[in-house]
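Take a look at the structure set out below.
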Amino acid sequence: MSIWTNWDPLKEVIVGDCPKGAYSNKLATIFGETKEDLNNLADYLSNMGVRVHRPTVSKPATDIDLGYFKIENPTAPIVPRDQYLVYGETVYQTYTSMPDRYLDSTNYNHIFKDFFDRGHNWLSMPAPRLDTLVDKWWANGYEVYHEQLKDQVLWHTATMFKCGDKLITNTQGPGNMAGLEWMKRNLPADTIVDVGATHQQGFGHIDHGWFMVSDELIFCVNKEWVPEPLRNKQLVELEDHFDQFDDEKFIADFSSTDGKYSDAWLDKWLTQWKGYAQEVFFDSNVLVVDSKNVIFSNHQPRIFKVMEKHGINCHVVPQRHGLFWEAGIHCLTLDLVRDGSCRSIIN
C-alpha cells in the first residue's frame, strides 16, 4: 500500500467536498454546483474501480480568533492537493500562509487516521503563527513567505511532483526555507530534486502545464514548462491544440476582491466568468488514473485527438467553478495509493 508516481494505476484517492450552501444566495449557488460536480467526480472514479475517500464537511463560524491571528472565512476542504502529500508509505501534512486553511486538516483527520491504522506513517508540520495578510500567496508570494512569514515553517505540497525515488520540487515556489528544510529532514536522503522556480509560473505550483502518463511520456502545454530533469523524455506539446483563454483581465478583477465577494462581483462571475472555467485555464491540471486513462474537467476535442493517437482514453467530468477555486481536477483530488514500485525514473 504505497505510492511513488502520479500515473501508476490509481487505487485510492481523496476527492474534495464542500457545504451545499453557504453565505449569500449567490455564493450558495457556487457552493451547491461545486458540491454536485465533486460528487459526480467521486462517483465517476468509483465506477472506474477506485476507492474514493471524502473529507468531512462542517461550516464553522466565519470569524475564529486564535489569539495571535484570526481566521475570518474558514474554507471548505475542496482542494486537498496544496497541503497534503502521500509519498511511499507516509502522509505529509503541511501548513501554508493562508489563515482560512489553518483548520483544514480536521476535515481529513479520519482519512489519515485510517491510513495510520493500516501502517502508514503520518507526519504533520508544527502549527505556525500566521498573520491575517492582505497579500495572497499567488499575488505576492515571495514577500509573504520569505519576508513576512520567514520565521514560520510553511510549505505547499503541490510544489512537489512524485517521480519514483525522487520528488521533483519547485523550491522557489510557495513555502519558505524552513518548510523546505522540514520536508528534507522527513524524507529519505536525496529525495528532493531541486528545479528552482518552474518556468510556467515562477513562484507557483508544479502541477500546472504538464503531466506524465508513463515513465517516458509527457504531455505539456509547451516543452519549456517541463522541469529540466524530465526534458529527455518523450514530450508531446499541446499548446497549438487548446482553445485559448486570455486570463489577464480575469486575474486582475479576481485579485481586486481581496477575498470579499460582493453580489455585483458574483453576478459577473455567474453570468460571464463561469463559462471561462470550461475553457483552457486548468485543462492541463488533470488526474491520471493510469497510463491509458486521464480525467479532464471539460471537453477539448483537439487535445483528445492528439492523446488518442498515443493510446490515451480521455474522460470528462465537468467542474463548473474550477476557476473560482483556482483548481483543476488534479488540485481537487489527492491520490493516496497506486500500484507500482519505487524505481529510478530520472536519468
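Just so we're on the same page: first chain in the C-alpha cells is A, next is B, and so on; residues restart at 1 for each chain, and ligands are numbered from 1 in the order they show up.
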
TODO: Find the spatial neighbours of range 224-240 of chain A, counting only C-alpha atoms, within a cut-off of 9 Å - ignore same-chain residues fewer than 6 positions away - and output them as a ChimeraX atom specification.
DONE: /A:168,170,193,195,198-201,206,208-211,215-218,302-303,306-307,345-347

Open item on the list: I need the residues in range 61-283 of chain A that are alpha helix (DSSP H) according to DSSP; give them as a count of residues only.
Closed with: 43

Task: Counting only C-alpha atoms, the option among A:Val153, A:Val289, A:Met98, A:Met160 closest to Pro128 in chain A - done: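 Among the listed residues, A:Val153 lies closest to Pro128 in chain A.
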
Task: Residue contacts of range 136-149 of chain A (9 Å, only C-alpha atoms) excluding same-chain residues fewer than 4 positions away, as an MDAnalysis selection string - done: chainID A and resid 96:98 129:131 153:154 172:177 203:204 255 258

Generate the output file for the selected residues, N, CA, C and O atoms, as a compact mmCIF listing (two decimals), in the first residue's frame.
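Output (result_6.txt):
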# COMPACT_ATOMS: atom_id res chain seq x y z
N THR A 96 0.20 26.30 5.15
CA THR A 96 0.53 27.36 4.21
C THR A 96 0.33 28.72 4.89
O THR A 96 0.01 28.79 6.08
N SER A 97 0.49 29.78 4.11
CA SER A 97 0.35 31.13 4.66
C SER A 97 -1.10 31.55 4.85
O SER A 97 -1.37 32.62 5.40
N MET A 98 -2.05 30.74 4.43
CA MET A 98 -3.45 31.16 4.37
C MET A 98 -4.19 30.83 5.66
O MET A 98 -4.45 29.65 5.95
N ARG A 129 2.29 30.36 13.68
CA ARG A 129 1.58 31.59 13.98
C ARG A 129 1.54 32.40 12.69
O ARG A 129 2.57 32.76 12.13
N LEU A 130 0.35 32.71 12.24
CA LEU A 130 0.19 33.44 10.99
C LEU A 130 -0.24 34.87 11.27
O LEU A 130 -0.50 35.27 12.39
N ASP A 131 -0.31 35.64 10.19
CA ASP A 131 -0.89 36.97 10.22
C ASP A 131 -2.08 36.96 9.27
O ASP A 131 -2.11 36.20 8.30
N VAL A 153 7.26 27.71 9.80
CA VAL A 153 7.54 26.53 8.97
C VAL A 153 6.33 26.32 8.06
O VAL A 153 5.26 25.90 8.53
N LEU A 154 6.48 26.63 6.75
CA LEU A 154 5.35 26.67 5.82
C LEU A 154 5.73 26.01 4.50
O LEU A 154 6.84 26.20 4.01
N GLN A 172 11.52 27.24 -5.24
CA GLN A 172 11.29 28.68 -5.16
C GLN A 172 9.80 28.99 -5.18
O GLN A 172 9.41 30.14 -5.31
N GLY A 173 8.97 27.97 -5.09
CA GLY A 173 7.54 28.16 -5.10
C GLY A 173 7.00 28.49 -3.74
O GLY A 173 7.75 28.81 -2.82
N PRO A 174 5.68 28.41 -3.55
CA PRO A 174 5.08 28.79 -2.27
C PRO A 174 5.54 27.89 -1.13
O PRO A 174 5.46 26.67 -1.20
N GLY A 175 6.00 28.52 -0.09
CA GLY A 175 6.65 27.87 1.03
C GLY A 175 7.91 28.64 1.33
O GLY A 175 8.34 29.49 0.55
N ASN A 176 8.52 28.38 2.49
CA ASN A 176 9.76 29.10 2.80
C ASN A 176 10.89 28.11 3.07
O ASN A 176 10.71 26.89 2.97
N MET A 177 12.06 28.62 3.38
CA MET A 177 13.23 27.77 3.54
C MET A 177 13.06 26.82 4.73
O MET A 177 13.53 25.68 4.69
N PHE A 203 6.87 31.61 -9.26
CA PHE A 203 6.53 31.34 -7.87
C PHE A 203 5.16 30.65 -7.86
O PHE A 203 4.13 31.28 -7.66
N GLY A 204 5.12 29.34 -8.10
CA GLY A 204 3.83 28.65 -8.17
C GLY A 204 3.94 27.16 -8.00
O GLY A 204 5.01 26.62 -7.71
N SER A 255 -8.30 39.35 -8.37
CA SER A 255 -7.43 39.78 -7.29
C SER A 255 -8.00 40.99 -6.56
O SER A 255 -7.74 41.19 -5.38
N ASP A 258 -10.05 40.90 -2.94
CA ASP A 258 -9.44 40.69 -1.61
C ASP A 258 -10.21 39.63 -0.83
O ASP A 258 -10.31 39.69 0.39

Open item on the list: Under the rule that only C-alpha atoms are counted, which of A:Phe69, A:Phe31, A:Tyr102, A:Trp122 is the nearest residue to Arg320 in chain A?
Closed with: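 Checking each candidate against Arg320 in chain A, we get A:Phe31 as the closest.
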
Strand (DSSP E or B) per DSSP on the backbone: members of range 11-175 of chain A, as a short mmCIF file (atom, residue, chain, number, x, y, z; two decimals) with C-alpha atoms, in the first residue's frame:
data_model
loop_
_atom_site.label_atom_id
_atom_site.label_comp_id
_atom_site.auth_asym_id
_atom_site.auth_seq_id
_atom_site.Cartn_x
_atom_site.Cartn_y
_atom_site.Cartn_z
CA LYS A 11 -6.34 2.51 -6.26
CA GLU A 12 -7.36 5.08 -3.62
CA VAL A 13 -7.96 8.82 -3.82
CA ILE A 14 -9.41 11.76 -1.90
CA VAL A 15 -11.98 13.92 -3.69
CA ARG A 51 -11.74 3.60 -3.76
CA VAL A 52 -12.79 7.18 -3.02
CA HIS A 53 -12.35 8.93 0.35
CA ILE A 64 -12.38 32.47 14.70
CA ASP A 65 -9.95 34.32 16.96
CA LYS A 70 -7.99 35.48 13.17
CA ILE A 71 -9.49 33.03 10.71
CA TYR A 84 -1.05 17.10 1.83
CA LEU A 85 1.34 14.68 0.16
CA VAL A 86 1.26 10.90 0.31
CA TYR A 87 4.59 9.54 -0.85
CA GLY A 88 5.80 5.99 -0.37
CA THR A 90 3.96 8.33 4.58
CA VAL A 91 1.34 11.08 4.83
CA TYR A 92 2.93 14.56 4.97
CA GLN A 93 0.66 17.30 6.34
CA ASN A 121 3.40 6.97 8.95
CA TRP A 122 1.62 10.32 9.47
CA LEU A 123 3.73 13.46 9.89
CA SER A 124 2.50 17.00 10.45
CA TRP A 155 5.09 24.61 2.66
CA MET A 160 6.35 18.55 -5.39
CA PHE A 161 5.91 16.01 -8.21
CA LYS A 162 6.20 12.27 -7.46
CA CYS A 163 8.65 10.63 -9.86
CA LYS A 166 12.60 11.34 -6.44
CA LEU A 167 10.33 14.29 -5.78
CA ILE A 168 10.84 16.96 -8.42
CA THR A 169 10.37 20.16 -6.44
CA GLY A 175 6.65 27.87 1.03
#

Got a sec: who's within 9 Å of Phe304 in chain A, counting only C-alpha atoms, leaving out chain neighbours fewer than 6 positions off, as a PDB file with N, CA, C and O atoms, in the first residue's frame?
ATOM      1  N   ILE A 312      -4.345   6.987 -25.347  1.00  0.00           N
ATOM      2  CA  ILE A 312      -4.894   7.506 -24.103  1.00  0.00           C
ATOM      3  C   ILE A 312      -6.397   7.737 -24.249  1.00  0.00           C
ATOM      4  O   ILE A 312      -6.838   8.388 -25.200  1.00  0.00           O
ATOM      5  N   ASN A 313      -7.181   7.216 -23.320  1.00  0.00           N
ATOM      6  CA  ASN A 313      -8.608   7.487 -23.253  1.00  0.00           C
ATOM      7  C   ASN A 313      -8.838   8.731 -22.411  1.00  0.00           C
ATOM      8  O   ASN A 313      -8.392   8.802 -21.262  1.00  0.00           O
ATOM      9  N   CYS A 314      -9.538   9.712 -22.968  1.00  0.00           N
ATOM     10  CA  CYS A 314      -9.770  10.979 -22.280  1.00  0.00           C
ATOM     11  C   CYS A 314     -11.195  11.014 -21.724  1.00  0.00           C
ATOM     12  O   CYS A 314     -12.163  10.904 -22.468  1.00  0.00           O
TER      13      CYS A 314
END

- [ ] Point out the residue among A:Cys220, A:Ala197, A:Cys18, A:Val294 with the least atom-to-atom distance to Leu332 in chain A, counting only C-alpha atoms.
- [x] A:Cys18

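Proximity of A:Val50, A:Leu27, A:Leu323, A:Ala178 to Met125 in chain A, computed with only C-alpha atoms, is greatest for A:Ala178.
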
TODO: Provide the CA of Pro77 in chain A to CA of Ala127 in chain A distance in Å, to one decimal place.
DONE: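 Pair CA of Pro77 in chain A / CA of Ala127 in chain A returns 17.9 Å.
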